[in-house]
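Colleague: So I've got this file, final04.txt, and it contains compact mmCIF, C-alpha atoms:
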```txt
# COMPACT_ATOMS: atom_id res chain seq x y z
CA MET A 799 17.19 20.96 -55.79
CA ALA A 800 19.17 24.14 -55.18
CA THR A 801 18.99 26.50 -58.17
CA SER A 802 21.50 29.14 -57.12
CA LEU A 803 24.76 29.59 -55.26
CA ALA A 804 22.92 31.49 -52.54
CA GLU A 805 20.58 28.54 -51.96
CA ILE A 806 23.51 26.12 -51.79
CA ARG A 807 25.29 28.31 -49.26
CA ALA A 808 22.14 28.65 -47.17
CA LYS A 809 21.65 24.89 -47.17
CA LEU A 810 25.26 24.24 -46.14
CA GLN A 811 24.97 26.83 -43.38
CA ALA A 812 21.81 25.16 -42.06
CA GLN A 813 23.54 21.77 -42.04
CA GLU A 814 26.50 23.21 -40.14
CA SER A 815 24.19 24.79 -37.57
CA ARG A 816 22.53 21.44 -36.95
CA LYS A 817 25.91 19.75 -36.49
CA THR A 818 27.22 22.26 -33.98
CA GLY A 819 23.99 22.74 -32.10
CA SER A 820 24.17 26.50 -32.60
CA GLY A 821 21.89 28.72 -34.60
CA ASN A 822 18.22 28.62 -33.78
CA ASN A 823 18.18 25.44 -31.70
CA ASN A 824 15.99 23.37 -34.00
CA GLY A 825 13.58 26.25 -34.52
CA ASP A 826 13.22 27.21 -30.85
CA ASN A 827 15.71 29.98 -30.20
CA THR A 828 14.02 30.91 -26.95
CA ILE A 829 16.23 28.19 -25.46
CA PHE A 830 19.70 29.36 -24.46
CA PRO A 831 21.93 26.27 -24.98
CA HIS A 832 24.57 27.01 -22.34
CA TRP A 833 26.05 23.56 -22.97
CA ASN A 834 27.38 24.90 -26.28
CA ILE A 835 29.48 27.71 -24.81
CA PRO A 836 33.25 27.15 -25.25
CA ASP A 837 35.17 25.25 -22.59
CA GLY A 838 36.60 27.63 -20.03
CA SER A 839 34.06 30.34 -20.83
CA GLU A 840 31.37 31.85 -18.65
CA SER A 841 27.88 33.12 -19.46
CA THR A 842 25.80 35.10 -16.98
CA LEU A 843 22.09 34.45 -16.48
CA ARG A 844 19.47 36.37 -14.52
CA PHE A 845 16.58 34.13 -13.51
CA LEU A 846 13.02 35.45 -13.33
CA PRO A 847 9.96 34.17 -11.42
CA ASP A 848 7.68 31.51 -12.82
CA GLY A 849 4.61 32.95 -14.51
CA ASN A 850 2.47 30.53 -12.49
CA PRO A 851 1.59 32.37 -9.25
CA ASN A 852 0.87 29.03 -7.55
CA ASN A 853 4.49 27.91 -7.90
CA SER A 854 6.60 29.07 -4.94
CA PHE A 855 9.80 28.30 -6.82
CA PHE A 856 11.25 30.00 -9.87
CA TRP A 857 11.76 26.69 -11.68
CA ALA A 858 9.70 23.68 -12.77
CA GLU A 859 11.03 20.14 -12.56
CA ARG A 860 10.72 17.96 -15.64
CA LEU A 861 10.92 14.15 -15.59
CA MET A 862 11.71 12.24 -18.77
CA ILE A 863 12.60 8.62 -19.55
CA LYS A 864 14.99 7.59 -22.30
CA LEU A 865 14.18 4.48 -24.32
CA PRO A 866 17.17 3.20 -26.35
CA PHE A 867 16.53 1.15 -29.48
CA ALA A 868 18.86 -0.95 -31.61
CA GLY A 869 17.87 0.98 -34.74
CA ILE A 870 14.86 1.71 -36.93
CA ALA A 871 12.79 -1.24 -38.10
CA GLY A 872 13.10 -1.77 -41.84
CA GLN A 873 16.22 0.38 -42.18
CA THR A 874 19.26 -1.84 -42.45
CA ASP A 875 21.72 1.05 -42.18
CA SER A 876 20.08 2.78 -39.20
CA LYS A 877 22.06 3.51 -36.05
CA PRO A 878 20.98 3.04 -32.43
CA CYS A 879 18.57 5.76 -31.40
CA ILE A 880 16.84 7.06 -28.31
CA VAL A 881 13.23 8.10 -27.89
CA GLN A 882 12.32 10.22 -24.89
CA VAL A 883 8.91 9.96 -23.27
CA PRO A 884 7.45 11.90 -20.35
CA CYS A 885 7.32 10.27 -16.96
CA VAL A 886 3.73 10.94 -15.97
CA GLU A 887 4.67 11.30 -12.31
CA MET A 888 5.74 14.77 -13.41
CA TYR A 889 2.09 15.78 -13.62
CA GLY A 890 1.07 14.77 -10.10
CA LYS A 891 0.71 11.85 -7.75
CA GLU A 892 -2.56 10.79 -9.34
CA HIS A 893 -0.67 9.74 -12.48
CA VAL A 894 0.95 6.29 -12.56
CA CYS A 895 4.00 5.77 -14.76
CA PRO A 896 3.86 2.34 -16.45
CA ILE A 897 7.64 2.25 -16.86
CA LEU A 898 8.54 3.09 -13.26
CA THR A 899 5.91 0.65 -12.04
CA GLU A 900 7.84 -2.05 -13.89
CA VAL A 901 11.31 -0.79 -13.00
CA ARG A 902 10.99 -0.08 -9.25
CA PRO A 903 11.06 -3.78 -8.21
CA TRP A 904 14.25 -4.26 -10.24
CA TYR A 905 16.22 -2.40 -7.58
CA LYS A 906 15.63 -5.31 -5.21
CA ASP A 907 17.84 -7.46 -7.45
CA LYS A 908 21.51 -6.41 -7.69
CA GLU A 909 21.80 -7.97 -11.13
CA LEU A 910 19.01 -5.74 -12.44
CA GLU A 911 20.18 -2.51 -10.83
CA THR A 912 22.19 -1.30 -13.82
CA LEU A 913 19.28 -1.96 -16.16
CA ALA A 914 16.93 -0.19 -13.75
CA ASN A 915 19.15 2.90 -13.77
CA LYS A 916 19.07 2.88 -17.57
CA TYR A 917 15.30 3.23 -17.62
CA TRP A 918 14.88 5.45 -14.56
CA LYS A 919 13.45 8.95 -14.89
CA LYS A 920 15.90 11.73 -15.70
CA ARG A 921 15.46 15.11 -14.07
CA SER A 922 15.98 18.53 -15.56
CA TYR A 923 14.70 21.94 -14.56
CA PHE A 924 13.09 24.72 -16.56
CA PHE A 925 13.95 28.33 -15.74
CA GLN A 926 13.40 31.59 -17.58
CA GLY A 927 15.28 34.86 -17.56
CA PHE A 928 17.81 37.08 -19.29
CA VAL A 929 21.22 36.28 -20.70
CA ARG A 930 23.31 39.15 -19.37
CA LYS A 931 26.66 37.90 -20.64
CA ASN A 932 26.60 35.70 -23.73
CA THR A 933 29.70 33.71 -24.74
CA LEU A 934 27.81 31.46 -27.14
CA ALA A 935 29.10 31.77 -30.68
CA ASN A 936 26.50 32.20 -33.43
CA ASP A 937 23.64 32.64 -31.00
CA ASN A 938 20.43 33.81 -32.64
CA PRO A 939 18.51 35.52 -29.84
CA PRO A 940 14.77 35.95 -30.29
CA ILE A 941 13.00 39.30 -30.31
CA ASN A 942 11.69 38.52 -26.83
CA PRO A 943 14.87 38.62 -24.70
CA ILE A 944 13.35 36.42 -21.97
CA ARG A 945 15.04 33.08 -22.68
CA ARG A 946 14.33 29.56 -21.50
CA PHE A 947 17.02 27.63 -19.61
CA ILE A 948 17.16 23.84 -19.30
CA ILE A 949 19.23 23.18 -16.20
CA SER A 950 20.82 19.83 -15.36
CA PRO A 951 20.87 18.37 -11.82
CA GLN A 952 24.56 19.26 -11.52
CA ILE A 953 23.89 22.99 -11.99
CA PHE A 954 20.58 22.88 -10.13
CA THR A 955 22.36 21.71 -6.98
CA LEU A 956 24.43 24.91 -7.08
CA VAL A 957 21.38 27.05 -7.77
CA LYS A 958 19.48 25.53 -4.86
CA ALA A 959 22.37 25.67 -2.39
CA ALA A 960 22.38 29.46 -2.32
CA LEU A 961 18.76 29.54 -1.18
CA MET A 962 19.75 27.78 2.03
CA ASP A 963 22.40 30.39 2.85
CA PRO A 964 21.14 32.33 5.91
CA GLU A 965 23.01 35.43 4.70
CA LEU A 966 20.90 35.62 1.55
CA LYS A 967 18.46 38.47 2.12
CA ASN A 968 16.59 38.69 -1.16
CA LEU A 969 15.28 36.20 -3.65
CA PRO A 970 17.73 35.87 -6.55
CA THR A 971 14.80 36.79 -8.82
CA ASP A 972 14.11 40.08 -7.02
CA TYR A 973 13.82 42.87 -9.58
CA ASP A 974 15.78 45.33 -7.45
CA GLY A 975 18.14 43.26 -5.30
CA GLY A 976 18.46 39.96 -7.13
CA LEU A 977 21.57 38.03 -8.14
CA ASP A 978 23.04 36.88 -11.42
CA PHE A 979 24.09 33.25 -11.91
CA ARG A 980 27.38 32.57 -13.67
CA VAL A 981 27.49 29.37 -15.74
CA LEU A 982 31.10 28.25 -16.16
CA LYS A 983 31.81 25.30 -18.44
CA THR A 984 34.96 23.24 -18.02
CA LYS A 985 36.20 19.92 -19.38
CA GLY A 986 36.53 17.23 -16.73
CA SER A 987 39.21 14.57 -16.57
CA SER A 988 36.74 12.07 -18.00
CA GLY A 989 36.29 14.21 -21.10
CA TYR A 990 32.76 15.27 -20.20
CA SER A 991 31.67 18.85 -19.69
CA GLU A 992 31.39 19.99 -16.08
CA TYR A 993 29.72 22.99 -14.49
CA ASN A 994 30.62 22.49 -10.81
CA THR A 995 32.49 25.81 -10.64
CA SER A 996 29.39 27.77 -11.64
CA SER A 997 28.20 30.16 -8.96
CA TRP A 998 25.97 33.03 -7.91
CA SER A 999 27.28 36.55 -8.10
CA ARG A 1000 28.16 38.06 -4.72
CA ASN A 1001 26.82 41.46 -5.72
CA GLU A 1002 23.15 42.36 -5.94
CA SER A 1003 21.93 44.18 -9.02
CA ALA A 1004 18.68 45.64 -10.27
CA LEU A 1005 17.02 44.84 -13.56
CA SER A 1006 17.66 47.42 -16.22
CA ALA A 1007 14.93 49.57 -17.70
CA ALA A 1008 15.09 47.50 -20.90
CA GLU A 1009 14.71 44.23 -18.95
CA ARG A 1010 11.73 45.57 -17.02
CA ALA A 1011 10.16 46.77 -20.25
CA ALA A 1012 10.58 43.28 -21.74
CA ILE A 1013 8.77 41.73 -18.77
CA GLU A 1014 6.01 44.29 -19.13
CA GLU A 1015 5.67 43.67 -22.86
CA TYR A 1016 6.01 39.89 -23.07
CA GLY A 1017 5.05 38.70 -19.59
CA LEU A 1018 6.38 35.68 -17.75
CA VAL A 1019 5.60 32.18 -18.99
CA ASP A 1020 4.12 29.39 -16.89
CA LEU A 1021 7.17 27.11 -17.00
CA ALA A 1022 5.03 23.98 -16.86
CA SER A 1023 3.57 24.96 -20.24
CA TYR A 1024 6.87 23.73 -21.70
CA PHE A 1025 6.17 20.20 -20.50
CA PRO A 1026 5.11 17.60 -23.07
CA LYS A 1027 1.43 16.83 -23.39
CA ILE A 1028 0.06 14.66 -20.58
CA PRO A 1029 -0.19 11.15 -22.07
CA GLY A 1030 -3.70 9.74 -22.35
CA SER A 1031 -4.65 6.07 -22.25
CA VAL A 1032 -3.53 5.50 -25.85
CA GLU A 1033 -0.17 7.23 -25.31
CA LEU A 1034 0.42 5.30 -22.10
CA LYS A 1035 -0.15 2.04 -23.98
CA VAL A 1036 2.32 3.15 -26.65
CA ILE A 1037 4.89 4.11 -24.00
CA LYS A 1038 4.59 0.68 -22.39
CA GLU A 1039 4.91 -1.07 -25.78
CA MET A 1040 8.05 0.92 -26.61
CA PHE A 1041 9.53 0.18 -23.19
CA ASP A 1042 8.96 -3.57 -23.61
CA ALA A 1043 10.49 -3.48 -27.08
CA SER A 1044 13.48 -1.46 -25.87
CA VAL A 1045 14.24 -3.86 -23.02
CA ASP A 1046 13.98 -6.78 -25.45
CA GLY A 1047 16.55 -5.14 -27.73
CA GLN A 1048 14.16 -4.59 -30.61
CA ALA A 1049 14.31 -1.85 -33.23
CA TYR A 1050 12.07 1.21 -33.10
CA ASP A 1051 8.91 0.68 -35.18
CA MET A 1052 7.99 3.88 -36.97
CA GLU A 1053 4.70 2.48 -38.26
CA ARG A 1054 3.48 1.51 -34.78
CA TRP A 1055 4.72 4.47 -32.73
CA GLY A 1056 5.73 7.23 -35.14
CA ALA A 1057 2.46 9.13 -34.71
CA TYR A 1058 3.08 9.42 -30.97
CA TYR A 1059 6.77 9.43 -30.03
CA LYS A 1060 9.77 9.22 -32.30
CA PRO A 1061 13.46 10.11 -32.33
CA ASN A 1062 13.95 13.76 -33.15
CA GLY A 1063 17.52 12.96 -34.16
CA LEU A 1064 19.13 9.57 -34.72
CA TYR A 1065 22.50 9.02 -33.12
CA ALA A 1066 24.59 6.25 -31.68
CA GLU A 1067 25.04 6.24 -27.91
CA LYS A 1068 28.78 5.77 -28.37
CA ASP A 1069 28.94 8.92 -30.49
CA ALA A 1070 27.15 10.87 -27.78
CA ALA A 1071 29.65 9.59 -25.23
CA LYS A 1072 32.58 10.76 -27.37
CA THR A 1073 31.25 14.31 -27.59
CA GLY A 1074 30.32 14.50 -23.95
CA THR A 1075 26.63 14.94 -24.67
CA THR A 1076 24.67 15.41 -21.44
CA ASP A 1077 21.07 15.62 -20.36
CA ASP A 1078 21.31 19.39 -20.76
CA ASN A 1079 20.23 19.17 -24.38
CA GLU A 1080 17.75 16.36 -23.98
CA VAL A 1081 14.91 18.64 -24.99
CA PHE A 1082 15.99 18.27 -28.61
CA GLU A 1083 15.46 14.51 -28.45
CA THR A 1084 11.92 14.71 -27.12
CA ALA A 1085 9.04 13.94 -29.45
CA ARG A 1086 5.84 15.89 -28.93
CA PRO A 1087 2.86 14.44 -30.79
CA THR A 1088 0.91 17.63 -30.19
CA ALA A 1089 1.57 21.09 -28.82
CA PRO A 1090 2.18 21.27 -25.06
CA VAL A 1091 -0.76 22.05 -22.84
CA MET A 1092 -0.93 24.27 -19.82
CA ALA A 1093 -0.34 22.38 -16.58
CA PRO A 1094 0.18 23.60 -13.02
CA ALA A 1095 3.83 23.80 -12.03
CA THR A 1096 4.75 21.25 -9.40
CA PRO A 1097 7.09 22.31 -6.58
CA VAL A 1098 9.97 19.98 -5.81
CA ALA A 1099 8.44 17.16 -3.83
CA LYS A 1100 9.89 15.34 -0.87
CA ALA A 1101 12.05 12.54 -2.21
CA THR A 1102 11.58 8.93 -1.27
CA VAL A 1103 14.14 6.15 -1.39
CA ASP A 1104 12.92 4.67 -4.65
CA GLU A 1105 12.78 8.08 -6.34
CA THR A 1106 16.49 8.72 -6.03
CA PRO A 1107 18.57 5.76 -7.22
CA PRO A 1108 22.32 6.30 -6.91
CA PHE A 1109 22.98 7.46 -10.47
CA GLU A 1110 20.63 10.39 -10.15
CA VAL A 1111 22.90 12.22 -7.76
CA ASP A 1112 24.25 13.61 -10.42
CA ALA A 1113 5.78 26.52 -27.29
CA PRO A 1114 5.22 28.79 -24.52
CA VAL A 1115 1.78 30.35 -24.66
CA ALA A 1116 1.90 33.57 -26.65
CA GLY A 1117 2.22 36.57 -24.39
CA GLY A 1118 2.87 34.38 -21.38
CA GLN A 1119 1.36 34.97 -17.99
CA PRO A 1120 1.45 38.23 -16.04
CA PRO A 1121 4.34 38.62 -13.59
CA VAL A 1122 4.01 36.85 -10.27
CA ALA A 1123 2.30 38.97 -7.67
CA ASN A 1124 4.69 40.69 -5.28
CA LYS A 1125 5.37 38.76 -2.08
CA ARG A 1126 7.69 39.42 0.79
CA ALA A 1127 11.09 38.04 -0.15
CA ASP A 1128 11.80 36.76 3.34
CA ASP A 1129 8.51 34.83 3.40
CA LEU A 1130 9.29 33.14 0.09
CA LEU A 1131 12.85 32.35 1.13
CA ALA A 1132 11.59 30.83 4.37
CA MET A 1133 9.09 28.71 2.44
CA ILE A 1134 11.75 27.46 0.05
CA ARG A 1135 14.20 26.69 2.84
CA ASN A 1136 11.60 24.83 4.89
CA ARG A 1137 10.67 22.67 1.91
CA GLN A 1138 14.29 21.96 1.08
CA LYS A 1139 14.97 20.87 4.68
CA THR A 1140 12.22 18.27 4.44
CA SER A 1141 13.23 17.03 0.98
```
Please express what this file holds, its structure, as structure tokens.
Modeller:
Amino acid sequence: MATSLAEIRAKLQAQESRKTGSGNNNGDNTIFPHWNIPDGSESTLRFLPDGNPNNSFFWAERLMIKLPFAGIAGQTDSKPCIVQVPCVEMYGKEHVCPILTEVRPWYKDKELETLANKYWKKRSYFFQGFVRKNTLANDNPPINPIRRFIISPQIFTLVKAALMDPELKNLPTDYDGGLDFRVLKTKGSSGYSEYNTSSWSRNESALSAAERAAIEEYGLVDLASYFPKIPGSVELKVIKEMFDASVDGQAYDMERWGAYYKPNGLYAEKDAAKTGTTDDNEVFETARPTAPVMAPATPVAKATVDETPPFEVDAPVAGGQPPVANKRADDLLAMIRNRQKTS
């Protein structure tokens, strides 16, 4: 119980921050929630290399699966909720996802295609870098100015397109001749937020002395260290049980699955649709039973037909890793372009 006016005000302020999605981003203010910038505004980001020297790219692809439930078992007033679980294909070809194994054959039946899309893996991309122009109200930047960015497929397409431009001479992450990326948020005719007018700056710029000092002091993080823990045999069994229950329209059972994966925030899907919620902020819905473990970053793999159904067109380790060793920019650009051509 609050015992003073100051405590009451602090509590109300915390509740308001949770409602608006601003503030410290559920305790992790390393994340820059660009999806919360005002409509019509633009924030400027400067991406940095991945701290994993084995990753040729400056991003890491994350694959998650959303499991919708009718409510919470035993709670008569609970609303529909969603639990996100990692798609284990994210960790390498040797891992078999029990959900996708079940869902892939559904695409052979037109009547099951919509349901298959509902349970298909959702992509997002982890980047890191500086926020050079911040239009986010009430942002609470961390002491370490190197922020984490969770990029949706819509924005990632624009990020990737520039790498295929033959006139691009340097990597966008080059410390001396790199490029800023401008995130522009607009409201589409459907009422959802859109970012399709976001773009790279045309002018090269060098990192400032303060930005270089931050890299020297804090290091660059292995982006794959942000991935959820790799599910073991017990977690895989729980994931399959939750999937079966979700498809059957059952409620989420906290007693059976709460120790492994649970909703980080309960909300109705219709409410999310009204506010234009997108996959950009899906990280806040992800349950992590334990702290994330280090895992090698996986470059974007060559896509196959069953990996891209139609709808999909659309706590770092302290101190991080040392900066990626210097490589010739033209060699890295050639490598990226060659891989993109075959993907």
Colleague: Rounded to one decimal place, report the atom CA of A:Trp918-atom CA of A:Trp857 distance in Å.
Modeller: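 Calculated distance between atom CA of A:Trp918 and atom CA of A:Trp857 is 21.7 Å.
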Colleague: May I ask which of the residues A:Arg945, A:Ile1037, A:Arg980, A:Glu992 is the closest one to A:Leu846, counting all atoms listed in the file?
Modeller: A:Arg945
Colleague: Please provide as an MDAnalysis selection string all residues within 10 Å of A:Gly838, with the sequence filter that same-chain residues fewer than 3 positions apart are discarded (counting all atoms listed in the file).
Modeller: chainID A and resid 835 982:985 993
Colleague: Just to confirm, what's the straight-line distance from atom CA of A:Leu861 to atom CA of A:Tyr889 in Å (one decimal)?
Modeller: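 Between these atoms lies a distance of 9.2 Å.
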Colleague: Step by step, gather every atom of stretch 949-959 of chain A that the file lists, find the box along x, y and z that holds them, add 4 Å on each side, and finally give centre and edge lengths in Å to one decimal, as lines of an AutoDock Vina configuration file.
Modeller:
```
center_x = 21.9
center_y = 22.7
center_z = -9.3
size_x = 13.3
size_y = 16.7
size_z = 21.8
```
Colleague: When you draw a straight line from atom CA of A:Ala1022 to atom CA of A:Phe928, how long is it in Å?
Modeller: 18.5 Å
Colleague: Rank A:Ala1007, A:Ile870, A:Met862, A:Ala959 by their smallest atom-to-atom distance to A:Val886, using only C-alpha atoms, and report the top residue only.
Modeller: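 The answer is A:Met862, which sits nearest to A:Val886.
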Colleague: Name the closest residue to A:Ala1012 among the candidates A:Gly1030, A:Pro951, A:Pro943, A:Gly1047; distances are taken between atoms, counting only C-alpha atoms.
Modeller: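 Closest to A:Ala1012, using only C-alpha atoms: A:Pro943.
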Colleague: Got a sec: who's within 10 Å of A:Ile941, counting only C-alpha atoms, leaving out chain neighbours fewer than 2 positions off, as a PyMOL selection string?
Modeller: chain A and resi 827-828+938-939+943-944+1012
Colleague: I'd like to know which of A:Arg1054, A:Tyr917, A:Asn853, A:Tyr973 is closest to A:Tyr905, using all atoms listed in the file.
Modeller: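 Counting all atoms listed in the file, the residue closest to A:Tyr905 is A:Tyr917.
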Colleague: Nearest residue to A:Asp978 out of A:Leu843, A:Ile829, A:Leu913, A:Leu865, using all atoms listed in the file?
Modeller: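 Of A:Leu843, A:Ile829, A:Leu913, A:Leu865, the one nearest A:Asp978, counting all atoms listed in the file, is A:Leu843.
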Colleague: Find the residues near A:Phe979: any atom within 7 Å, counting only C-alpha atoms, skip ones fewer than 2 places away on the same chain, and give them as a list in words.
Modeller: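 In the requested form, the answer reads Thr842, Leu843, Arg844, Leu977, Val981, Ser997, Trp998 and Ser999 of chain A.
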Colleague: Please check which residues have atoms at most 6 Å from (17.2, 19.9, -13.5) in the file's coordinates, counting all atoms listed in the file, and write them as a PyMOL selection string.
Modeller: chain A and resi 921-923+949-951+954
Colleague: Would you write out those residues with C-alpha atoms, as an mmCIF file, in the frame of the given file?
Modeller:
```cif
data_model
loop_
_atom_site.group_PDB
_atom_site.id
_atom_site.type_symbol
_atom_site.label_atom_id
_atom_site.label_comp_id
_atom_site.auth_asym_id
_atom_site.auth_seq_id
_atom_site.Cartn_x
_atom_site.Cartn_y
_atom_site.Cartn_z
ATOM 1 C CA ARG A 921 15.460 15.110 -14.070
ATOM 2 C CA SER A 922 15.980 18.530 -15.560
ATOM 3 C CA TYR A 923 14.700 21.940 -14.560
ATOM 4 C CA ILE A 949 19.230 23.180 -16.200
ATOM 5 C CA SER A 950 20.820 19.830 -15.360
ATOM 6 C CA PRO A 951 20.870 18.370 -11.820
ATOM 7 C CA PHE A 954 20.580 22.880 -10.130
#
```
Colleague: Could you check which of A:Phe830, A:Phe845, A:Phe867, A:Phe856 is closest to A:Asp1051, using all atoms listed in the file?
Modeller: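 Looking at the shortest contact to A:Asp1051, the residue is A:Phe867.
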Colleague: May I have the protein, DNA and RNA residues with an atom at most 9 Å from (8.6, 3.5, -17.7), counting only C-alpha atoms in the file's coordinates, returned as JSON, numbers by chain?
Modeller: {"A": [863, 864, 865, 883, 884, 885, 895, 896, 897, 898, 899, 900, 901, 917, 918, 919, 1037, 1038, 1041]}
